[in-house]
Number of protein chains: 2
Amino acid sequence: MAELRQRYAIGLSPLREALSRLVGEGLVIAEGQRGFRVAPFSPEDVDDLIFVWQTIVEGALRAAMARRDEHSEAAIVAAFHVLERRIGCATSEDPVARDSYEQAHRAFYLALTAGAASPRATYIQNALYDQARRYRVLLHRDQPDPKDRLEGYRTLMQLVLTSQTDMAVAKLREDLTIWRDGLTRRAGW
Amino acid sequence: MAELRQRYAIGLSPLREALSRLVGEGLVIAEGQRGFRVAPFSPEDVDDLIFVWQTIVEGALRAAMARRDEHSEAAIVAAFHVLERRIGCATSEDPVARDSYEQAHRAFYLALTAGAASPRATYIQNALYDQARRYRVLLHRDQPDPKDRLEGYRTLMQLVLTSQTDMAVAKLREDLTIWRDGLTRRAGW
DNA sequence: TTTTGAAATAATTTCGAAATTCTCTGGAGG
DNA sequence: CCTCCAGAGAATTTCGAAATTATTTCAAAA
């Protein structure tokens with residue numbers, strides 16, 4: 001705690017409060033009278049993360065697509081457009097540029113399910129996205145070609161926009177499986 | 001804050017920390033420099049709550065049933081047994097007795113999906129259960145006959161134990177719909 | 001009469017120190 | 001040689017006061 005206090009130049013109270021909220025988001029674990037610690041990494045944790053993400057996104061996506069909202073569809077196209085412009089930043093060395101890509105990437109996935117109009121699903125997706133980031137950085141060096149990834153997102157978007165629900169869900173599942181396998185190989189699990 | 005500090009006889013630090021964690025569980029909302037407040041009630045919130053609950057439980061239930069774990073099945077039977085013994089406390093006036101029923105009720109639902117072995121799904125289900133409690137108390141006076149409810153749970157359990165996945169999911173969905181309609185009628189929405 | 005602005009009030013937020021709790025070390029007993 | 005227990009040390013946790021920020025009130029001007 002002393003180290004963190006110095007690093008961020010704040011007192012104990014705001015530090016404890018920040019950590020408490022990170023507990024709620026699953027990034028930090030608190031044990032009574034034993035302080036806070038970073039949530040542990042493990043292959044099982046990755047599987048769990050992917051399982052819940054898959055479940056929530058599939059549910060939200062089906063709900064969103066069942067509604068067929070015009071405004072939501074426009075938002076998806078808009079989010080993809082931004083993602084397209086920033087795809088080049090995905091492998092950048094500049095943290096600011098990479099962050100701008102990550103933001104667009106998150107926004108794209110959120111836009112896909114925004115039509116479900118579920119604040120809780122959005123909140124959970126955001127939390128899971130942050131949790132996945134801890135593993136994503138492990139893959140930073142060896143990622144697939146940005147161009148290919150973009151085409152994957154385009155395919156997904158088009159499946160959503162043309163109401164091919166099951167195909168879209170399958171595409172999501174496929175992407176997650178690829179990601180998981182890449183991570184598993186990279187980490188040597 | 002002064003009132004809460006008096007009520008629980010604690011200082012500001014633990015109070016703030018407790019509220020921060022409730023933020024993570026969705027029971028409290030924090031606005032910067034404007035303090036904490038109780039998360040608002042609304043018909044839309046009920047719909048969202050039910051939607052996410054339905055999504056998570058369905059996903060976890062399918063995963064759990066796909067595994068067909070012997071130990072998990074035994075845990076379900078055990079949890080139902082406890083629920084059966086405490087069903088009488090459901091409409092009790094004694095808060096302690098009612099709490100023991102609620103505990104068994106929660107444990108039963110958690111047991112159904114425990115086979116999925118997903119810490120995150122369990123965490124989310126617990127959080128949603130706590131959130132639903134805020135609405136459940138509104139229905140406390142006029143609840144269906146405990147005996148009928150117990151039979152509903154028994155049916156659900158048997159569907160799970162006999163691997164009738166789709167039927168079990170349908171039963172869950174039906175129960176939620178009934179609950180929602182009862183709540184909507186009771187609150188005059 | 002309505003609006004604007006400033007002072008007063010009341011809230012949230014932060015800080016540093018005190019109190020409690022846990023962990024580690026060293027030694028005695030089995 | 002291993003186990004158990006007590007004391008010193010280091011951590012977390014809590015407290016009350018100070019500082020910051022938001023809200024309300026009241027008066028003056030448009």
# chains A, B, ... in the order shown; residues from 1 in each chain; ligands from 1

$ residues_around --residues "Arg134 of chain A" --least-positions-apart "6" --cutoff "12 Å" --atoms "only C-alpha atoms (C1' of nucleotides)" --output "list in words"
Gly26, Leu27, Val28, Val38, Ala39, Pro40, Phe41, Ser42, Asp45, Val46, Leu49, Ala127, Leu128, His140 and Leu183 of chain A

$ residues_around --residues "DA29 of chain D" --least-positions-apart "3" --cutoff "10 Å" --atoms "only C-alpha atoms (C1' of nucleotides)" --output "PDB file with N, CA and C atoms (P, O5', C5', C4', C3', O3' and C1' of nucleotides), in the first residue's frame"
ATOM      1  P    DT C   3     -36.283  32.877 -15.241  1.00  0.00           P
ATOM      2  O5'  DT C   3     -34.848  33.571 -15.173  1.00  0.00           O
ATOM      3  C5'  DT C   3     -34.577  34.725 -15.977  1.00  0.00           C
ATOM      4  C4'  DT C   3     -33.278  35.368 -15.528  1.00  0.00           C
ATOM      5  C3'  DT C   3     -32.143  34.385 -15.256  1.00  0.00           C
ATOM      6  O3'  DT C   3     -30.978  34.809 -15.950  1.00  0.00           O
ATOM      7  C1'  DT C   3     -32.397  35.868 -13.428  1.00  0.00           C
ATOM      8  P    DT C   4     -29.728  33.838 -16.144  1.00  0.00           P
ATOM      9  O5'  DT C   4     -28.573  34.569 -15.342  1.00  0.00           O
ATOM     10  C5'  DT C   4     -28.418  36.000 -15.449  1.00  0.00           C
ATOM     11  C4'  DT C   4     -27.678  36.523 -14.234  1.00  0.00           C
ATOM     12  C3'  DT C   4     -26.462  35.691 -13.821  1.00  0.00           C
ATOM     13  O3'  DT C   4     -25.301  36.497 -13.866  1.00  0.00           O
ATOM     14  C1'  DT C   4     -27.800  36.261 -11.937  1.00  0.00           C
ATOM     15  P    DG C   5     -23.834  35.836 -13.808  1.00  0.00           P
ATOM     16  O5'  DG C   5     -23.376  36.164 -12.317  1.00  0.00           O
ATOM     17  C5'  DG C   5     -23.424  37.516 -11.853  1.00  0.00           C
ATOM     18  C4'  DG C   5     -23.267  37.556 -10.350  1.00  0.00           C
ATOM     19  C3'  DG C   5     -22.110  36.701  -9.814  1.00  0.00           C
ATOM     20  O3'  DG C   5     -21.358  37.472  -8.898  1.00  0.00           O
ATOM     21  C1'  DG C   5     -24.109  36.162  -8.669  1.00  0.00           C
TER      22       DG C   5
END

$ interface_residues --of "chain B" --to "chain A" --cutoff "8 Å" --atoms "only C-alpha atoms" --output "list in words"
Ser13, Arg16, Glu17, Ser20, Arg21, Leu22, Val23, Gly24, Glu25, Asp48, Leu49, Phe51, Val52, Thr55, Ile56, Gly59, Ser118, Pro119, Arg120 and Ala121 of chain B

$ interface_residues --of "chain D" --to "chain A" --cutoff "9 Å" --atoms "only C-alpha atoms (C1' of nucleotides)" --output "PyMOL selection string"
chain D and resi 11-13

$ write_last_selection --atoms "N, CA and C atoms (P, O5', C5', C4', C3', O3' and C1' of nucleotides)" --output "CSV table (one decimal), in the first residue's frame"
chain,number,residue,atom,x,y,z
D,11,DA,P,5.7,-4.1,5.7
D,11,DA,O5',4.1,-4.0,5.5
D,11,DA,C5',3.5,-5.1,4.9
D,11,DA,C4',2.2,-5.4,5.6
D,11,DA,C3',1.0,-4.5,5.3
D,11,DA,O3',0.4,-5.0,4.1
D,11,DA,C1',1.1,-5.1,7.6
D,12,DT,P,-0.7,-4.0,3.4
D,12,DT,O5',-2.0,-4.2,4.3
D,12,DT,C5',-2.6,-5.5,4.4
D,12,DT,C4',-3.7,-5.4,5.5
D,12,DT,C3',-4.9,-4.6,5.2
D,12,DT,O3',-6.1,-5.4,5.5
D,12,DT,C1',-4.0,-3.8,7.2
D,13,DT,P,-7.5,-4.9,5.0
D,13,DT,O5',-8.1,-4.0,6.2
D,13,DT,C5',-8.3,-4.5,7.4
D,13,DT,C4',-8.6,-3.5,8.5
D,13,DT,C3',-9.7,-2.5,8.1
D,13,DT,O3',-10.7,-2.7,9.0
D,13,DT,C1',-7.8,-1.4,9.1

$ atom_distance --atom1 "atom CA of Glu93 of chain B" --atom2 "atom CA of Met157 of chain B"
27.8 Å

$ interface_residues --of "chain C" --to "chain B" --cutoff "10 Å" --atoms "only C-alpha atoms (C1' of nucleotides)" --output "PDB file with N, CA and C atoms (P, O5', C5', C4', C3', O3' and C1' of nucleotides), in the first residue's frame"
ATOM      1  P    DA C  11     -25.893  17.928   5.596  1.00  0.00           P
ATOM      2  O5'  DA C  11     -24.892  17.075   4.674  1.00  0.00           O
ATOM      3  C5'  DA C  11     -25.333  16.653   3.390  1.00  0.00           C
ATOM      4  C4'  DA C  11     -24.197  16.731   2.394  1.00  0.00           C
ATOM      5  C3'  DA C  11     -23.163  15.619   2.474  1.00  0.00           C
ATOM      6  O3'  DA C  11     -23.599  14.502   1.736  1.00  0.00           O
ATOM      7  C1'  DA C  11     -22.157  17.746   2.005  1.00  0.00           C
ATOM      8  P    DT C  12     -22.853  13.087   1.923  1.00  0.00           P
ATOM      9  O5'  DT C  12     -21.533  13.240   1.028  1.00  0.00           O
ATOM     10  C5'  DT C  12     -21.663  13.527  -0.353  1.00  0.00           C
ATOM     11  C4'  DT C  12     -20.313  13.910  -0.929  1.00  0.00           C
ATOM     12  C3'  DT C  12     -19.298  12.774  -1.008  1.00  0.00           C
ATOM     13  O3'  DT C  12     -18.698  12.772  -2.290  1.00  0.00           O
ATOM     14  C1'  DT C  12     -18.347  14.613   0.141  1.00  0.00           C
ATOM     15  P    DT C  13     -17.799  11.492  -2.691  1.00  0.00           P
ATOM     16  O5'  DT C  13     -16.312  11.892  -2.258  1.00  0.00           O
ATOM     17  C5'  DT C  13     -15.698  13.024  -2.855  1.00  0.00           C
ATOM     18  C4'  DT C  13     -14.415  13.381  -2.143  1.00  0.00           C
ATOM     19  C3'  DT C  13     -13.398  12.248  -1.981  1.00  0.00           C
ATOM     20  O3'  DT C  13     -12.245  12.561  -2.730  1.00  0.00           O
ATOM     21  C1'  DT C  13     -13.574  13.541   0.004  1.00  0.00           C
TER      22       DT C  13
END

$ closest_residue --among "B:Tyr153, B:Asp166, B:Gly182, B:Arg86" --to "Arg141 of chain B" --atoms "only C-alpha atoms"
B:Gly182

$ select_by_dssp --residues "segment 102-164 of chain B" --states "alpha helix (DSSP H)" --output "ChimeraX atom specification"
/B:102-114,119-136,146-161

$ write_last_selection --atoms "N, CA and C atoms" --output "CSV table (one decimal), in the first residue's frame"
chain,number,residue,atom,x,y,z
B,102,GLU,N,-34.5,-18.0,2.6
B,102,GLU,CA,-33.9,-17.3,1.5
B,102,GLU,C,-32.5,-17.9,1.1
B,103,GLN,N,-31.8,-18.2,2.2
B,103,GLN,CA,-30.5,-18.8,2.0
B,103,GLN,C,-30.6,-20.2,1.3
B,104,ALA,N,-31.5,-21.0,1.7
B,104,ALA,CA,-31.7,-22.3,1.0
B,104,ALA,C,-32.2,-22.1,-0.4
B,105,HIS,N,-33.0,-21.1,-0.6
B,105,HIS,CA,-33.5,-20.8,-2.0
B,105,HIS,C,-32.4,-20.4,-2.9
B,106,ARG,N,-31.5,-19.5,-2.4
B,106,ARG,CA,-30.4,-19.1,-3.2
B,106,ARG,C,-29.4,-20.3,-3.4
B,107,ALA,N,-29.2,-21.1,-2.4
B,107,ALA,CA,-28.3,-22.2,-2.5
B,107,ALA,C,-28.8,-23.2,-3.6
B,108,PHE,N,-30.1,-23.4,-3.6
B,108,PHE,CA,-30.7,-24.3,-4.6
B,108,PHE,C,-30.4,-23.9,-6.0
B,109,TYR,N,-30.7,-22.6,-6.3
B,109,TYR,CA,-30.4,-22.1,-7.6
B,109,TYR,C,-28.9,-22.1,-8.0
B,110,LEU,N,-28.1,-21.8,-7.0
B,110,LEU,CA,-26.6,-21.9,-7.3
B,110,LEU,C,-26.2,-23.3,-7.5
B,111,ALA,N,-26.8,-24.3,-6.8
B,111,ALA,CA,-26.5,-25.7,-7.0
B,111,ALA,C,-26.8,-26.2,-8.4
B,112,LEU,N,-27.9,-25.7,-8.9
B,112,LEU,CA,-28.3,-26.1,-10.3
B,112,LEU,C,-27.2,-25.8,-11.3
B,113,THR,N,-26.5,-24.6,-11.1
B,113,THR,CA,-25.5,-24.2,-12.1
B,113,THR,C,-24.1,-24.4,-11.6
B,114,ALA,N,-23.9,-25.0,-10.4
B,114,ALA,CA,-22.6,-25.2,-9.9
B,114,ALA,C,-21.7,-26.1,-10.8
B,119,PRO,N,-16.7,-19.5,-11.6
B,119,PRO,CA,-16.7,-18.6,-10.5
B,119,PRO,C,-17.4,-17.3,-10.9
B,120,ARG,N,-17.2,-16.8,-12.1
B,120,ARG,CA,-17.8,-15.6,-12.5
B,120,ARG,C,-19.3,-15.7,-12.6
B,121,ALA,N,-19.8,-16.8,-13.2
B,121,ALA,CA,-21.2,-17.0,-13.3
B,121,ALA,C,-21.8,-17.0,-11.9
B,122,THR,N,-21.2,-17.7,-11.0
B,122,THR,CA,-21.6,-17.8,-9.6
B,122,THR,C,-21.7,-16.4,-9.0
B,123,TYR,N,-20.6,-15.6,-9.2
B,123,TYR,CA,-20.6,-14.3,-8.6
B,123,TYR,C,-21.7,-13.4,-9.1
B,124,ILE,N,-21.9,-13.5,-10.4
B,124,ILE,CA,-23.0,-12.7,-11.0
B,124,ILE,C,-24.3,-13.1,-10.5
B,125,GLN,N,-24.5,-14.4,-10.4
B,125,GLN,CA,-25.8,-14.9,-9.9
B,125,GLN,C,-26.1,-14.4,-8.5
B,126,ASN,N,-25.0,-14.5,-7.7
B,126,ASN,CA,-25.2,-14.0,-6.3
B,126,ASN,C,-25.6,-12.5,-6.3
B,127,ALA,N,-24.9,-11.7,-7.2
B,127,ALA,CA,-25.1,-10.3,-7.2
B,127,ALA,C,-26.6,-10.0,-7.7
B,128,LEU,N,-27.0,-10.8,-8.7
B,128,LEU,CA,-28.3,-10.6,-9.2
B,128,LEU,C,-29.4,-11.0,-8.2
B,129,TYR,N,-29.1,-12.0,-7.5
B,129,TYR,CA,-30.0,-12.5,-6.4
B,129,TYR,C,-30.2,-11.4,-5.4
B,130,ASP,N,-29.1,-10.7,-5.0
B,130,ASP,CA,-29.2,-9.7,-4.0
B,130,ASP,C,-30.0,-8.5,-4.6
B,131,GLN,N,-29.8,-8.2,-5.9
B,131,GLN,CA,-30.5,-7.1,-6.5
B,131,GLN,C,-32.0,-7.4,-6.6
B,132,ALA,N,-32.3,-8.7,-6.9
B,132,ALA,CA,-33.7,-9.1,-7.0
B,132,ALA,C,-34.4,-9.0,-5.7
B,133,ARG,N,-33.7,-9.1,-4.6
B,133,ARG,CA,-34.3,-9.1,-3.3
B,133,ARG,C,-35.0,-7.8,-3.0
B,134,ARG,N,-34.4,-6.7,-3.6
B,134,ARG,CA,-35.0,-5.4,-3.4
B,134,ARG,C,-36.4,-5.4,-3.9
B,135,TYR,N,-36.7,-6.1,-5.0
B,135,TYR,CA,-38.0,-6.2,-5.5
B,135,TYR,C,-38.8,-7.3,-4.9
B,136,ARG,N,-38.1,-8.4,-4.5
B,136,ARG,CA,-38.8,-9.5,-3.9
B,136,ARG,C,-39.6,-9.1,-2.6
B,146,PRO,N,-46.7,-21.8,-0.7
B,146,PRO,CA,-45.4,-22.4,-0.6
B,146,PRO,C,-45.3,-23.8,-1.1
B,147,LYS,N,-46.4,-24.6,-0.9
B,147,LYS,CA,-46.5,-25.9,-1.4
B,147,LYS,C,-46.3,-26.0,-2.9
B,148,ASP,N,-47.1,-25.1,-3.6
B,148,ASP,CA,-47.0,-25.0,-5.1
B,148,ASP,C,-45.6,-24.7,-5.5
B,149,ARG,N,-45.0,-23.7,-4.8
B,149,ARG,CA,-43.7,-23.3,-5.2
B,149,ARG,C,-42.7,-24.4,-5.1
B,150,LEU,N,-42.8,-25.2,-4.0
B,150,LEU,CA,-41.9,-26.3,-3.8
B,150,LEU,C,-42.1,-27.3,-5.0
B,151,GLU,N,-43.3,-27.5,-5.4
B,151,GLU,CA,-43.5,-28.5,-6.5
B,151,GLU,C,-42.8,-28.0,-7.8
B,152,GLY,N,-42.9,-26.6,-7.9
B,152,GLY,CA,-42.2,-26.0,-9.1
B,152,GLY,C,-40.7,-26.3,-9.0
B,153,TYR,N,-40.1,-26.2,-7.9
B,153,TYR,CA,-38.7,-26.4,-7.7
B,153,TYR,C,-38.4,-27.9,-8.0
B,154,ARG,N,-39.3,-28.7,-7.5
B,154,ARG,CA,-39.1,-30.2,-7.7
B,154,ARG,C,-39.1,-30.5,-9.1
B,155,THR,N,-40.1,-30.0,-9.8
B,155,THR,CA,-40.1,-30.2,-11.3
B,155,THR,C,-38.9,-29.8,-12.0
B,156,LEU,N,-38.4,-28.6,-11.6
B,156,LEU,CA,-37.2,-28.0,-12.2
B,156,LEU,C,-36.0,-29.0,-12.0
B,157,MET,N,-35.9,-29.4,-10.7
B,157,MET,CA,-34.8,-30.3,-10.3
B,157,MET,C,-34.8,-31.6,-11.2
B,158,GLN,N,-36.0,-32.1,-11.3
B,158,GLN,CA,-36.1,-33.4,-12.0
B,158,GLN,C,-35.8,-33.3,-13.5
B,159,LEU,N,-36.2,-32.1,-14.0
B,159,LEU,CA,-35.8,-31.9,-15.4
B,159,LEU,C,-34.3,-31.8,-15.6
B,160,VAL,N,-33.7,-31.2,-14.6
B,160,VAL,CA,-32.2,-31.0,-14.7
B,160,VAL,C,-31.6,-32.4,-14.5
B,161,LEU,N,-32.1,-33.2,-13.5
B,161,LEU,CA,-31.4,-34.5,-13.2
B,161,LEU,C,-31.7,-35.5,-14.4

$ select_by_dssp --residues "chain A" --states "strand (DSSP E or B)" --output "ChimeraX atom specification"
/A:28-31,35-38

$ atom_distance --atom1 "atom CA of Tyr101 of chain A" --atom2 "atom CA of Arg7 of chain A"
26.6 Å

$ atom_distance --atom1 "atom CA of Leu61 of chain B" --atom2 "atom CA of Gln164 of chain B"
11.0 Å

$ residues_around --residues "DC15 of chain D" --least-positions-apart "5" --cutoff "9 Å" --atoms "only C-alpha atoms (C1' of nucleotides)" --output "ChimeraX atom specification"
/B:10-13 /C:17-19

$ write_last_selection --atoms "N, CA and C atoms (P, O5', C5', C4', C3', O3' and C1' of nucleotides)" --output "PDB file, in the first residue's frame"
ATOM      1  N   ILE B  10     -19.761   2.831  13.030  1.00  0.00           N
ATOM      2  CA  ILE B  10     -18.441   2.712  12.412  1.00  0.00           C
ATOM      3  C   ILE B  10     -17.998   4.077  11.888  1.00  0.00           C
ATOM      4  N   GLY B  11     -16.748   4.150  11.509  1.00  0.00           N
ATOM      5  CA  GLY B  11     -16.212   5.396  10.983  1.00  0.00           C
ATOM      6  C   GLY B  11     -16.513   5.558   9.521  1.00  0.00           C
ATOM      7  N   LEU B  12     -15.989   6.617   8.956  1.00  0.00           N
ATOM      8  CA  LEU B  12     -16.263   6.899   7.559  1.00  0.00           C
ATOM      9  C   LEU B  12     -15.560   5.927   6.623  1.00  0.00           C
ATOM     10  N   SER B  13     -14.325   5.553   6.954  1.00  0.00           N
ATOM     11  CA  SER B  13     -13.547   4.717   6.040  1.00  0.00           C
ATOM     12  C   SER B  13     -14.229   3.390   5.729  1.00  0.00           C
TER      13      SER B  13
ATOM     14  P    DA C  17       1.465  11.748  10.818  1.00  0.00           P
ATOM     15  O5'  DA C  17       0.627  11.085  12.007  1.00  0.00           O
ATOM     16  C5'  DA C  17      -0.208  11.920  12.814  1.00  0.00           C
ATOM     17  C4'  DA C  17      -1.153  11.063  13.640  1.00  0.00           C
ATOM     18  C3'  DA C  17      -0.469   9.976  14.485  1.00  0.00           C
ATOM     19  O3'  DA C  17      -1.103   9.880  15.747  1.00  0.00           O
ATOM     20  C1'  DA C  17      -2.050   8.973  13.064  1.00  0.00           C
ATOM     21  P    DA C  18      -0.395   9.092  16.946  1.00  0.00           P
ATOM     22  O5'  DA C  18      -1.499   8.019  17.374  1.00  0.00           O
ATOM     23  C5'  DA C  18      -2.801   8.467  17.743  1.00  0.00           C
ATOM     24  C4'  DA C  18      -3.780   7.310  17.669  1.00  0.00           C
ATOM     25  C3'  DA C  18      -3.402   6.085  18.503  1.00  0.00           C
ATOM     26  O3'  DA C  18      -4.530   5.634  19.224  1.00  0.00           O
ATOM     27  C1'  DA C  18      -3.770   5.434  16.252  1.00  0.00           C
ATOM     28  P    DA C  19      -4.365   4.534  20.372  1.00  0.00           P
ATOM     29  O5'  DA C  19      -5.053   3.258  19.725  1.00  0.00           O
ATOM     30  C5'  DA C  19      -6.369   3.386  19.168  1.00  0.00           C
ATOM     31  C4'  DA C  19      -6.730   2.134  18.392  1.00  0.00           C
ATOM     32  C3'  DA C  19      -6.412   0.812  19.101  1.00  0.00           C
ATOM     33  O3'  DA C  19      -7.551  -0.016  19.110  1.00  0.00           O
ATOM     34  C1'  DA C  19      -5.494   0.807  16.906  1.00  0.00           C
TER      35       DA C  19
END

$ closest_residue --among "D:DA6, D:DA28, D:DC1, D:DA19" --to "DA28 of chain C" --atoms "only C-alpha atoms (C1' of nucleotides)"
D:DA6

$ closest_residue --among "C:DG27, C:DG16, C:DT21, C:DA7" --to "DG7 of chain D" --atoms "only C-alpha atoms (C1' of nucleotides)"
C:DG27
